[in-house]
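> Please find query.pdb (PDB, C-alpha atoms) on the next line:
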MODEL        1
ATOM      1  CA  ALA A   1       7.353  -0.458  16.804  1.00  0.00           C
ATOM      2  CA  GLN A   2       8.156   0.223  13.203  1.00  0.00           C
ATOM      3  CA  SER A   3       7.570   3.573  11.586  1.00  0.00           C
ATOM      4  CA  VAL A   4       8.301   5.284   8.295  1.00  0.00           C
ATOM      5  CA  THR A   5       9.012   8.950   7.725  1.00  0.00           C
ATOM      6  CA  GLN A   6       8.843  10.509   4.320  1.00  0.00           C
ATOM      7  CA  LEU A   7      10.526  13.825   4.795  1.00  0.00           C
ATOM      8  CA  ASP A   8       8.902  15.704   1.922  1.00  0.00           C
ATOM      9  CA  SER A   9       5.161  15.821   1.380  1.00  0.00           C
ATOM     10  CA  GLN A  10       5.553  17.480  -2.032  1.00  0.00           C
ATOM     11  CA  VAL A  11       8.439  17.572  -4.494  1.00  0.00           C
ATOM     12  CA  PRO A  12       8.145  19.719  -7.624  1.00  0.00           C
ATOM     13  CA  VAL A  13      10.743  19.168 -10.343  1.00  0.00           C
ATOM     14  CA  PHE A  14      11.196  20.008 -13.994  1.00  0.00           C
ATOM     15  CA  GLU A  15      11.095  17.356 -16.671  1.00  0.00           C
ATOM     16  CA  GLU A  16      14.440  15.598 -17.292  1.00  0.00           C
ATOM     17  CA  ALA A  17      15.810  16.731 -13.927  1.00  0.00           C
ATOM     18  CA  PRO A  18      16.991  14.187 -11.363  1.00  0.00           C
ATOM     19  CA  VAL A  19      14.879  13.540  -8.292  1.00  0.00           C
ATOM     20  CA  GLU A  20      15.345  11.981  -4.873  1.00  0.00           C
ATOM     21  CA  LEU A  21      12.436  11.120  -2.600  1.00  0.00           C
ATOM     22  CA  ARG A  22      13.551  10.567   0.956  1.00  0.00           C
ATOM     23  CA  CYS A  23      12.465   7.813   3.300  1.00  0.00           C
ATOM     24  CA  ASN A  24      13.686   6.996   6.783  1.00  0.00           C
ATOM     25  CA  TYR A  25      12.500   4.119   8.906  1.00  0.00           C
ATOM     26  CA  SER A  26      12.774   2.986  12.475  1.00  0.00           C
ATOM     27  CA  SER A  27      12.725  -0.605  13.570  1.00  0.00           C
ATOM     28  CA  SER A  28      14.358  -2.777  16.178  1.00  0.00           C
ATOM     29  CA  VAL A  29      14.468  -5.811  13.890  1.00  0.00           C
ATOM     30  CA  SER A  30      15.582  -6.606  10.383  1.00  0.00           C
ATOM     31  CA  VAL A  31      13.268  -4.977   7.917  1.00  0.00           C
ATOM     32  CA  TYR A  32      12.175  -5.225   4.365  1.00  0.00           C
ATOM     33  CA  LEU A  33      11.578  -2.014   2.461  1.00  0.00           C
ATOM     34  CA  PHE A  34       9.291  -1.092  -0.391  1.00  0.00           C
ATOM     35  CA  TRP A  35       8.415   1.828  -2.626  1.00  0.00           C
ATOM     36  CA  TYR A  36       4.942   2.007  -4.131  1.00  0.00           C
ATOM     37  CA  VAL A  37       3.558   4.492  -6.642  1.00  0.00           C
ATOM     38  CA  GLN A  38      -0.036   5.672  -6.829  1.00  0.00           C
ATOM     39  CA  TYR A  39      -1.136   7.395 -10.031  1.00  0.00           C
ATOM     40  CA  PRO A  40      -4.228   9.615  -9.832  1.00  0.00           C
ATOM     41  CA  ASN A  41      -7.404   7.614  -9.235  1.00  0.00           C
ATOM     42  CA  GLN A  42      -5.557   4.317  -9.213  1.00  0.00           C
ATOM     43  CA  GLY A  43      -4.377   1.729  -6.713  1.00  0.00           C
ATOM     44  CA  LEU A  44      -0.812   1.239  -5.552  1.00  0.00           C
ATOM     45  CA  GLN A  45       1.811  -0.370  -7.735  1.00  0.00           C
ATOM     46  CA  LEU A  46       5.083  -1.789  -6.469  1.00  0.00           C
ATOM     47  CA  LEU A  47       8.101   0.126  -7.799  1.00  0.00           C
ATOM     48  CA  LEU A  48      10.835  -1.825  -6.043  1.00  0.00           C
ATOM     49  CA  LYS A  49      11.691  -3.643  -2.862  1.00  0.00           C
ATOM     50  CA  TYR A  50      14.651  -4.528  -0.701  1.00  0.00           C
ATOM     51  CA  LEU A  51      14.516  -7.899   1.021  1.00  0.00           C
ATOM     52  CA  SER A  52      18.207  -8.835   1.222  1.00  0.00           C
ATOM     53  CA  GLY A  53      21.419  -8.795  -0.784  1.00  0.00           C
ATOM     54  CA  SER A  54      22.666  -5.813  -2.751  1.00  0.00           C
ATOM     55  CA  THR A  55      21.771  -2.540  -1.113  1.00  0.00           C
ATOM     56  CA  LEU A  56      21.143  -0.860  -4.477  1.00  0.00           C
ATOM     57  CA  VAL A  57      17.796  -1.938  -5.794  1.00  0.00           C
ATOM     58  CA  LYS A  58      16.558  -1.256  -9.289  1.00  0.00           C
ATOM     59  CA  GLY A  59      12.851  -1.051 -10.000  1.00  0.00           C
ATOM     60  CA  ILE A  60      10.450  -0.318 -12.781  1.00  0.00           C
ATOM     61  CA  ASN A  61      10.282   2.901 -14.799  1.00  0.00           C
ATOM     62  CA  GLY A  62      13.961   3.702 -14.239  1.00  0.00           C
ATOM     63  CA  PHE A  63      13.705   4.149 -10.476  1.00  0.00           C
ATOM     64  CA  GLU A  64      16.263   2.839  -8.009  1.00  0.00           C
ATOM     65  CA  ALA A  65      16.726   2.995  -4.262  1.00  0.00           C
ATOM     66  CA  GLU A  66      19.579   2.434  -1.873  1.00  0.00           C
ATOM     67  CA  PHE A  67      19.217   0.724   1.472  1.00  0.00           C
ATOM     68  CA  ASN A  68      21.453   2.343   4.079  1.00  0.00           C
ATOM     69  CA  LYS A  69      21.294   0.456   7.351  1.00  0.00           C
ATOM     70  CA  SER A  70      23.491   2.855   9.319  1.00  0.00           C
ATOM     71  CA  GLN A  71      21.343   5.826   8.351  1.00  0.00           C
ATOM     72  CA  THR A  72      18.105   3.808   8.391  1.00  0.00           C
ATOM     73  CA  SER A  73      17.218   5.241   5.017  1.00  0.00           C
ATOM     74  CA  PHE A  74      15.813   3.958   1.744  1.00  0.00           C
ATOM     75  CA  HIS A  75      15.777   6.950  -0.606  1.00  0.00           C
ATOM     76  CA  LEU A  76      14.238   6.647  -4.054  1.00  0.00           C
ATOM     77  CA  ARG A  77      16.035   8.162  -7.029  1.00  0.00           C
ATOM     78  CA  LYS A  78      15.582   8.688 -10.728  1.00  0.00           C
ATOM     79  CA  PRO A  79      18.230  10.408 -12.884  1.00  0.00           C
ATOM     80  CA  SER A  80      15.781  11.985 -15.317  1.00  0.00           C
ATOM     81  CA  VAL A  81      12.043  12.289 -14.680  1.00  0.00           C
ATOM     82  CA  HIS A  82       9.194  12.427 -17.154  1.00  0.00           C
ATOM     83  CA  ILE A  83       5.827  14.131 -16.967  1.00  0.00           C
ATOM     84  CA  SER A  84       4.317  10.658 -16.611  1.00  0.00           C
ATOM     85  CA  ASP A  85       6.143  10.184 -13.291  1.00  0.00           C
ATOM     86  CA  THR A  86       3.763  12.665 -11.676  1.00  0.00           C
ATOM     87  CA  ALA A  87       2.180  10.603  -8.906  1.00  0.00           C
ATOM     88  CA  GLU A  88       2.263   9.977  -5.187  1.00  0.00           C
ATOM     89  CA  TYR A  89       5.032   7.745  -3.878  1.00  0.00           C
ATOM     90  CA  PHE A  90       4.833   5.712  -0.700  1.00  0.00           C
ATOM     91  CA  CYS A  91       7.660   4.144   1.230  1.00  0.00           C
ATOM     92  CA  ALA A  92       6.740   1.096   3.329  1.00  0.00           C
ATOM     93  CA  VAL A  93       8.465  -1.191   5.821  1.00  0.00           C
ATOM     94  CA  SER A  94       7.740  -4.706   6.971  1.00  0.00           C
ATOM     95  CA  ASP A  95       9.482  -7.216   9.193  1.00  0.00           C
ATOM     96  CA  ASP A  96       8.176 -10.233   7.320  1.00  0.00           C
ATOM     97  CA  GLY A  97       8.474  -9.287   3.672  1.00  0.00           C
ATOM     98  CA  GLY A  98       4.956  -7.938   3.656  1.00  0.00           C
ATOM     99  CA  SER A  99       3.496 -11.407   3.570  1.00  0.00           C
ATOM    100  CA  GLN A 100       1.349 -10.969   6.648  1.00  0.00           C
ATOM    101  CA  GLY A 101      -0.093  -7.597   5.904  1.00  0.00           C
ATOM    102  CA  ASN A 102       2.394  -5.839   8.115  1.00  0.00           C
ATOM    103  CA  LEU A 103       3.188  -3.100   5.652  1.00  0.00           C
ATOM    104  CA  ILE A 104       3.659   0.163   7.502  1.00  0.00           C
ATOM    105  CA  PHE A 105       3.396   3.061   5.089  1.00  0.00           C
ATOM    106  CA  GLY A 106       4.782   6.555   5.186  1.00  0.00           C
ATOM    107  CA  LYS A 107       2.508   9.544   4.588  1.00  0.00           C
ATOM    108  CA  GLY A 108       3.496   9.747   0.935  1.00  0.00           C
ATOM    109  CA  THR A 109       5.365  12.221  -1.269  1.00  0.00           C
ATOM    110  CA  LYS A 110       3.603  13.890  -4.158  1.00  0.00           C
ATOM    111  CA  LEU A 111       5.953  14.230  -7.096  1.00  0.00           C
ATOM    112  CA  SER A 112       4.939  16.892  -9.557  1.00  0.00           C
ATOM    113  CA  VAL A 113       6.901  16.991 -12.805  1.00  0.00           C
ATOM    114  CA  LYS A 114       6.597  20.238 -14.748  1.00  0.00           C
ATOM    115  CA  PRO A 115       7.458  20.763 -18.419  1.00  0.00           C
TER     116      PRO A 115
ATOM    117  CA  ASP B   1      -4.376  -3.634 -14.454  1.00  0.00           C
ATOM    118  CA  SER B   2      -3.310  -5.546 -11.340  1.00  0.00           C
ATOM    119  CA  GLY B   3      -5.928  -8.272 -11.716  1.00  0.00           C
ATOM    120  CA  VAL B   4      -7.554  -7.349  -8.404  1.00  0.00           C
ATOM    121  CA  THR B   5     -11.094  -6.052  -8.751  1.00  0.00           C
ATOM    122  CA  GLN B   6     -13.083  -4.031  -6.264  1.00  0.00           C
ATOM    123  CA  THR B   7     -16.728  -3.038  -6.269  1.00  0.00           C
ATOM    124  CA  PRO B   8     -18.242  -0.563  -6.069  1.00  0.00           C
ATOM    125  CA  LYS B   9     -15.882   2.175  -7.241  1.00  0.00           C
ATOM    126  CA  HIS B  10     -17.745   4.848  -5.329  1.00  0.00           C
ATOM    127  CA  LEU B  11     -20.161   4.660  -2.439  1.00  0.00           C
ATOM    128  CA  ILE B  12     -22.038   7.526  -0.820  1.00  0.00           C
ATOM    129  CA  THR B  13     -24.011   6.857   2.312  1.00  0.00           C
ATOM    130  CA  ALA B  14     -25.188   8.461   5.528  1.00  0.00           C
ATOM    131  CA  THR B  15     -23.940   8.280   9.083  1.00  0.00           C
ATOM    132  CA  GLY B  16     -25.164   5.267  11.009  1.00  0.00           C
ATOM    133  CA  GLN B  17     -25.537   3.131   7.904  1.00  0.00           C
ATOM    134  CA  ARG B  18     -23.811  -0.143   7.010  1.00  0.00           C
ATOM    135  CA  VAL B  19     -22.003  -0.915   3.755  1.00  0.00           C
ATOM    136  CA  THR B  20     -20.219  -3.875   2.207  1.00  0.00           C
ATOM    137  CA  LEU B  21     -17.167  -3.556  -0.001  1.00  0.00           C
ATOM    138  CA  ARG B  22     -16.205  -6.428  -2.226  1.00  0.00           C
ATOM    139  CA  CYS B  23     -12.838  -7.618  -3.488  1.00  0.00           C
ATOM    140  CA  SER B  24     -11.875 -10.345  -5.952  1.00  0.00           C
ATOM    141  CA  PRO B  25      -8.199 -11.296  -5.761  1.00  0.00           C
ATOM    142  CA  ARG B  26      -5.966 -12.183  -8.682  1.00  0.00           C
ATOM    143  CA  SER B  27      -6.479 -15.673 -10.002  1.00  0.00           C
ATOM    144  CA  GLY B  28      -4.444 -18.060  -7.860  1.00  0.00           C
ATOM    145  CA  ASP B  29      -3.829 -15.653  -4.985  1.00  0.00           C
ATOM    146  CA  LEU B  30      -4.830 -17.016  -1.599  1.00  0.00           C
ATOM    147  CA  SER B  31      -4.249 -13.941   0.536  1.00  0.00           C
ATOM    148  CA  VAL B  32      -6.392 -10.821   0.655  1.00  0.00           C
ATOM    149  CA  TYR B  33      -5.486  -7.641   2.530  1.00  0.00           C
ATOM    150  CA  TRP B  34      -7.627  -4.594   3.277  1.00  0.00           C
ATOM    151  CA  TYR B  35      -6.211  -1.080   3.667  1.00  0.00           C
ATOM    152  CA  GLN B  36      -7.764   2.283   4.465  1.00  0.00           C
ATOM    153  CA  GLN B  37      -6.366   5.480   2.961  1.00  0.00           C
ATOM    154  CA  SER B  38      -7.551   8.722   4.538  1.00  0.00           C
ATOM    155  CA  LEU B  39      -6.200  12.253   4.520  1.00  0.00           C
ATOM    156  CA  ASP B  40      -5.439  12.361   8.222  1.00  0.00           C
ATOM    157  CA  GLN B  41      -4.328   8.769   8.876  1.00  0.00           C
ATOM    158  CA  GLY B  42      -2.616   8.001   5.589  1.00  0.00           C
ATOM    159  CA  LEU B  43      -2.500   4.411   4.364  1.00  0.00           C
ATOM    160  CA  GLN B  44      -3.223   1.869   7.098  1.00  0.00           C
ATOM    161  CA  PHE B  45      -3.428  -1.892   7.082  1.00  0.00           C
ATOM    162  CA  LEU B  46      -6.751  -3.185   8.389  1.00  0.00           C
ATOM    163  CA  ILE B  47      -6.863  -6.968   8.113  1.00  0.00           C
ATOM    164  CA  GLN B  48      -5.566  -9.952   6.154  1.00  0.00           C
ATOM    165  CA  TYR B  49      -7.171 -13.259   5.220  1.00  0.00           C
ATOM    166  CA  TYR B  50      -5.410 -16.316   3.906  1.00  0.00           C
ATOM    167  CA  ASN B  51      -7.418 -19.099   2.290  1.00  0.00           C
ATOM    168  CA  GLY B  52     -10.514 -18.222   4.286  1.00  0.00           C
ATOM    169  CA  GLU B  53      -8.834 -17.719   7.651  1.00  0.00           C
ATOM    170  CA  GLU B  54      -7.968 -14.455   9.364  1.00  0.00           C
ATOM    171  CA  ARG B  55      -4.162 -14.169   9.336  1.00  0.00           C
ATOM    172  CA  ALA B  56      -3.287 -10.709  10.619  1.00  0.00           C
ATOM    173  CA  LYS B  57      -5.061  -7.741  12.101  1.00  0.00           C
ATOM    174  CA  GLY B  58      -4.071  -4.105  11.996  1.00  0.00           C
ATOM    175  CA  ASN B  59      -5.866  -0.914  12.946  1.00  0.00           C
ATOM    176  CA  ILE B  60      -9.353  -2.217  12.275  1.00  0.00           C
ATOM    177  CA  LEU B  61     -12.216  -0.787  14.294  1.00  0.00           C
ATOM    178  CA  GLU B  62     -14.664  -3.080  16.056  1.00  0.00           C
ATOM    179  CA  ARG B  63     -17.424  -1.638  13.847  1.00  0.00           C
ATOM    180  CA  PHE B  64     -15.603  -3.127  10.856  1.00  0.00           C
ATOM    181  CA  SER B  65     -15.407  -6.782   9.961  1.00  0.00           C
ATOM    182  CA  ALA B  66     -14.280  -8.844   7.031  1.00  0.00           C
ATOM    183  CA  GLN B  67     -14.454 -12.353   5.684  1.00  0.00           C
ATOM    184  CA  GLN B  68     -13.028 -14.410   2.860  1.00  0.00           C
ATOM    185  CA  PHE B  69     -15.300 -16.865   1.106  1.00  0.00           C
ATOM    186  CA  PRO B  70     -14.509 -20.323  -0.335  1.00  0.00           C
ATOM    187  CA  ASP B  71     -14.093 -18.809  -3.808  1.00  0.00           C
ATOM    188  CA  LEU B  72     -11.470 -16.515  -2.196  1.00  0.00           C
ATOM    189  CA  HIS B  73     -13.287 -13.246  -2.758  1.00  0.00           C
ATOM    190  CA  SER B  74     -13.475 -11.049   0.310  1.00  0.00           C
ATOM    191  CA  GLU B  75     -15.922  -8.573   1.766  1.00  0.00           C
ATOM    192  CA  LEU B  76     -15.274  -5.733   4.166  1.00  0.00           C
ATOM    193  CA  ASN B  77     -18.300  -4.740   6.228  1.00  0.00           C
ATOM    194  CA  LEU B  78     -18.417  -1.272   7.743  1.00  0.00           C
ATOM    195  CA  SER B  79     -21.243  -0.530  10.175  1.00  0.00           C
ATOM    196  CA  SER B  80     -22.515   2.406  12.249  1.00  0.00           C
ATOM    197  CA  LEU B  81     -20.674   4.634   9.828  1.00  0.00           C
ATOM    198  CA  GLU B  82     -19.212   7.929  10.976  1.00  0.00           C
ATOM    199  CA  LEU B  83     -18.026  10.936   8.993  1.00  0.00           C
ATOM    200  CA  GLY B  84     -14.454   9.958   9.775  1.00  0.00           C
ATOM    201  CA  ASP B  85     -14.870   6.653   7.963  1.00  0.00           C
ATOM    202  CA  SER B  86     -14.853   8.496   4.652  1.00  0.00           C
ATOM    203  CA  ALA B  87     -11.775   7.179   2.867  1.00  0.00           C
ATOM    204  CA  LEU B  88     -10.416   5.101   0.038  1.00  0.00           C
ATOM    205  CA  TYR B  89     -10.501   1.408   0.869  1.00  0.00           C
ATOM    206  CA  PHE B  90      -8.008  -0.762  -0.969  1.00  0.00           C
ATOM    207  CA  CYS B  91      -7.862  -4.473  -1.311  1.00  0.00           C
ATOM    208  CA  ALA B  92      -4.640  -6.255  -2.201  1.00  0.00           C
ATOM    209  CA  SER B  93      -3.862  -9.880  -2.883  1.00  0.00           C
ATOM    210  CA  SER B  94      -0.793 -12.067  -2.894  1.00  0.00           C
ATOM    211  CA  VAL B  95       0.022 -15.657  -3.638  1.00  0.00           C
ATOM    212  CA  LEU B  96       0.807 -16.688  -0.093  1.00  0.00           C
ATOM    213  CA  GLY B  97       0.416 -15.446   3.437  1.00  0.00           C
ATOM    214  CA  LEU B  98       3.577 -16.953   4.802  1.00  0.00           C
ATOM    215  CA  PRO B  99       6.804 -15.114   5.563  1.00  0.00           C
ATOM    216  CA  THR B 100       9.510 -16.343   3.243  1.00  0.00           C
ATOM    217  CA  LEU B 101      12.245 -14.640   1.275  1.00  0.00           C
ATOM    218  CA  GLU B 102      12.159 -17.332  -1.398  1.00  0.00           C
ATOM    219  CA  ASN B 103       8.701 -16.345  -2.505  1.00  0.00           C
ATOM    220  CA  ASN B 104       8.035 -13.202  -4.409  1.00  0.00           C
ATOM    221  CA  ASN B 105       5.069 -12.413  -2.224  1.00  0.00           C
ATOM    222  CA  GLU B 106       4.260  -9.055  -3.706  1.00  0.00           C
ATOM    223  CA  GLN B 107       0.932  -7.540  -2.802  1.00  0.00           C
ATOM    224  CA  PHE B 108      -1.085  -6.451  -5.841  1.00  0.00           C
ATOM    225  CA  PHE B 109      -3.506  -3.620  -5.157  1.00  0.00           C
ATOM    226  CA  GLY B 110      -6.974  -3.083  -6.556  1.00  0.00           C
ATOM    227  CA  PRO B 111      -8.222   0.338  -7.725  1.00  0.00           C
ATOM    228  CA  GLY B 112     -10.033   0.994  -4.451  1.00  0.00           C
ATOM    229  CA  THR B 113     -13.532   1.926  -3.317  1.00  0.00           C
ATOM    230  CA  ARG B 114     -14.080   5.548  -2.395  1.00  0.00           C
ATOM    231  CA  LEU B 115     -16.494   5.757   0.526  1.00  0.00           C
ATOM    232  CA  THR B 116     -18.133   9.067   1.359  1.00  0.00           C
ATOM    233  CA  VAL B 117     -20.162   9.285   4.547  1.00  0.00           C
ATOM    234  CA  LEU B 118     -22.475  12.312   4.706  1.00  0.00           C
TER     235      LEU B 118
ENDMDL
END
Would you give me this structure, written as structure tokens?

Amino acid sequence: AQSVTQLDSQVPVFEEAPVELRCNYSSSVSVYLFWYVQYPNQGLQLLLKYLSGSTLVKGINGFEAEFNKSQTSFHLRKPSVHISDTAEYFCAVSDDGGSQGNLIFGKGTKLSVKP
Amino acid sequence: DSGVTQTPKHLITATGQRVTLRCSPRSGDLSVYWYQQSLDQGLQFLIQYYNGEERAKGNILERFSAQQFPDLHSELNLSSLELGDSALYFCASSVLGLPTLENNNEQFFGPGTRLTVL
């Protein structure tokens, strides 16, 4: 069975500092990986996804993630965060591209950006 | 704005009651997904419909049911409500319900319905 572990439940950082949100997955088959962001009182928005090809994936709002098959990781990074990046971030895995609802989510990481 | 609408935004009800949550997918999307987000369980997939037919089932309780209508809107029915059913319920939609790498089958999420069971 697939599972996703987000190692940090909360990550506080100062504005303009770099940030890395960690995600590890377990699966016995090829997987597709996603990062979603949830701003306060809003639904989820897709930040980026890895389906195949280059292991470095660039997303919206300056975020990027690297798929590492040997370490079963898909960490999210941003070189310089803004106050507006304060939100909860969810890593998700699927074995069918998410097209059949099989998105398995991690517990989420709350990113808090301080001035 | 994702283009997915959900009503109502908030719902407060009592244990044992039944409620219906409604979702309208983005124009042109055939697939609708329902998710539950709670503090203890996190974000969990409940059920998916594609063009009116049930396509995939996740951790959905027997007290819960859903359907997708000919106009593609969907309803999630929750009955015999318990305190533990209090959660945010999200609907998402996508163009297709078929597994393919060629399609950008991103799921677009609605703003959610917050259900409080007292």
> Could you list, as a VMD selection string, every residue matched by the PyMOL selection byres ((chain A and resi 25-33) around 9) in this structure?
chain A and resid 1 to 6 23 to 24 34 to 35 48 to 52 67 72 to 74 91 to 98 106
> Extract, using only C-alpha atoms, all DNA, RNA and protein residues at most 8 Å from region 62-64 of chain A, discarding same-chain residues fewer than 4 positions from it, and format them as a list in words.
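Selected residues are Leu47, Leu48, Leu56, Val57, Lys58, Leu76, Arg77 and Lys78 of chain A.
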> Please write as a list of chain:residue names the full residue list that the PyMOL selection byres ((chain B and resi 20) around 8) yields on this file.
B:Arg18, B:Val19, B:Leu21, B:Arg22, B:Glu75, B:Leu76, B:Asn77, B:Leu78
> Considering all atoms listed in the file, return as a list in words whatever protein or nucleic-acid residues lie within 7 Å of Val11 (chain A), sequence-local ones (same chain, fewer than 2 positions apart) excluded.
Asp8, Ser9, Val13, Thr109, Lys110, Leu111 and Ser112 of chain A
> By how many Å are CA of Ala65 (chain A) and CA of Leu103 (chain A) apart?
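Going from CA of Ala65 (chain A) over to CA of Leu103 (chain A), I get 17.9 Å.
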> Provide the CA of Tyr36 (chain A) to CA of Lys107 (chain A) distance in Å, to one decimal place.
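Taking CA of Tyr36 (chain A) and CA of Lys107 (chain A), their separation equals 11.8 Å.
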> Which is closer to Asn51 (chain B) than all the others in B:Ala87, B:Val4, B:Val95, B:Leu30, using only C-alpha atoms?
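So, comparing all the options, the nearest one is B:Leu30.
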> Can you turn the PyMOL selection byres ((chain B and resi 24) around 10) into a concrete residue list for this file, as a PyMOL selection string?
chain B and resi 3-7+22-23+25-27+29+32+68+71-75+91-93+110
> Residues within 10 Å of Gly84 (chain B), please, as a list in words. Count all atoms listed in the file; anything in the same chain fewer than 2 positions from it doesn't count.
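In the requested form, the answer reads Thr15, Ser38, Asp40, Leu81, Glu82, Ser86, Ala87, Thr116, Val117 and Leu118 of chain B.
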> Nearest to Tyr33 (chain B): which of A:Asn61, A:Gln10, A:His75, A:Asn102 is it, counting all atoms listed in the file?
A:Asn102
> Measure the distance from CA of Ile104 (chain A) to CA of Leu43 (chain B) in Å and round it to one decimal.
8.1 Å
> Check the smallest atom-to-atom distance from each of A:Glu16, A:Arg22, A:Leu46, A:Ser84 to Gln107 (chain B) using all atoms listed in the file, then report the winner.
A:Leu46
> As a PyMOL selection string, please: the residues near Gln37 (chain B) (cut-off 8 Å, only C-alpha atoms, same-chain neighbours under 3 positions excluded).
chain B and resi 41-44+87-90
> Please dump the current selection as a compact mmCIF listing (two decimals), in the coordinates of the input; keep C-alpha atoms.

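Ended up saving to out18.txt:
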# COMPACT_ATOMS: atom_id res chain seq x y z
CA GLN B 41 -4.33 8.77 8.88
CA GLY B 42 -2.62 8.00 5.59
CA LEU B 43 -2.50 4.41 4.36
CA GLN B 44 -3.22 1.87 7.10
CA ALA B 87 -11.78 7.18 2.87
CA LEU B 88 -10.42 5.10 0.04
CA TYR B 89 -10.50 1.41 0.87
CA PHE B 90 -8.01 -0.76 -0.97
> For a quick check of your reading of the model, name the residues lying within 6 Å of the coordinate (-0.2, -7.4, -7.0), counting all atoms listed in the file, and write them as a list in words.
Ser2, Glu106, Gln107, Phe108 and Phe109 of chain B
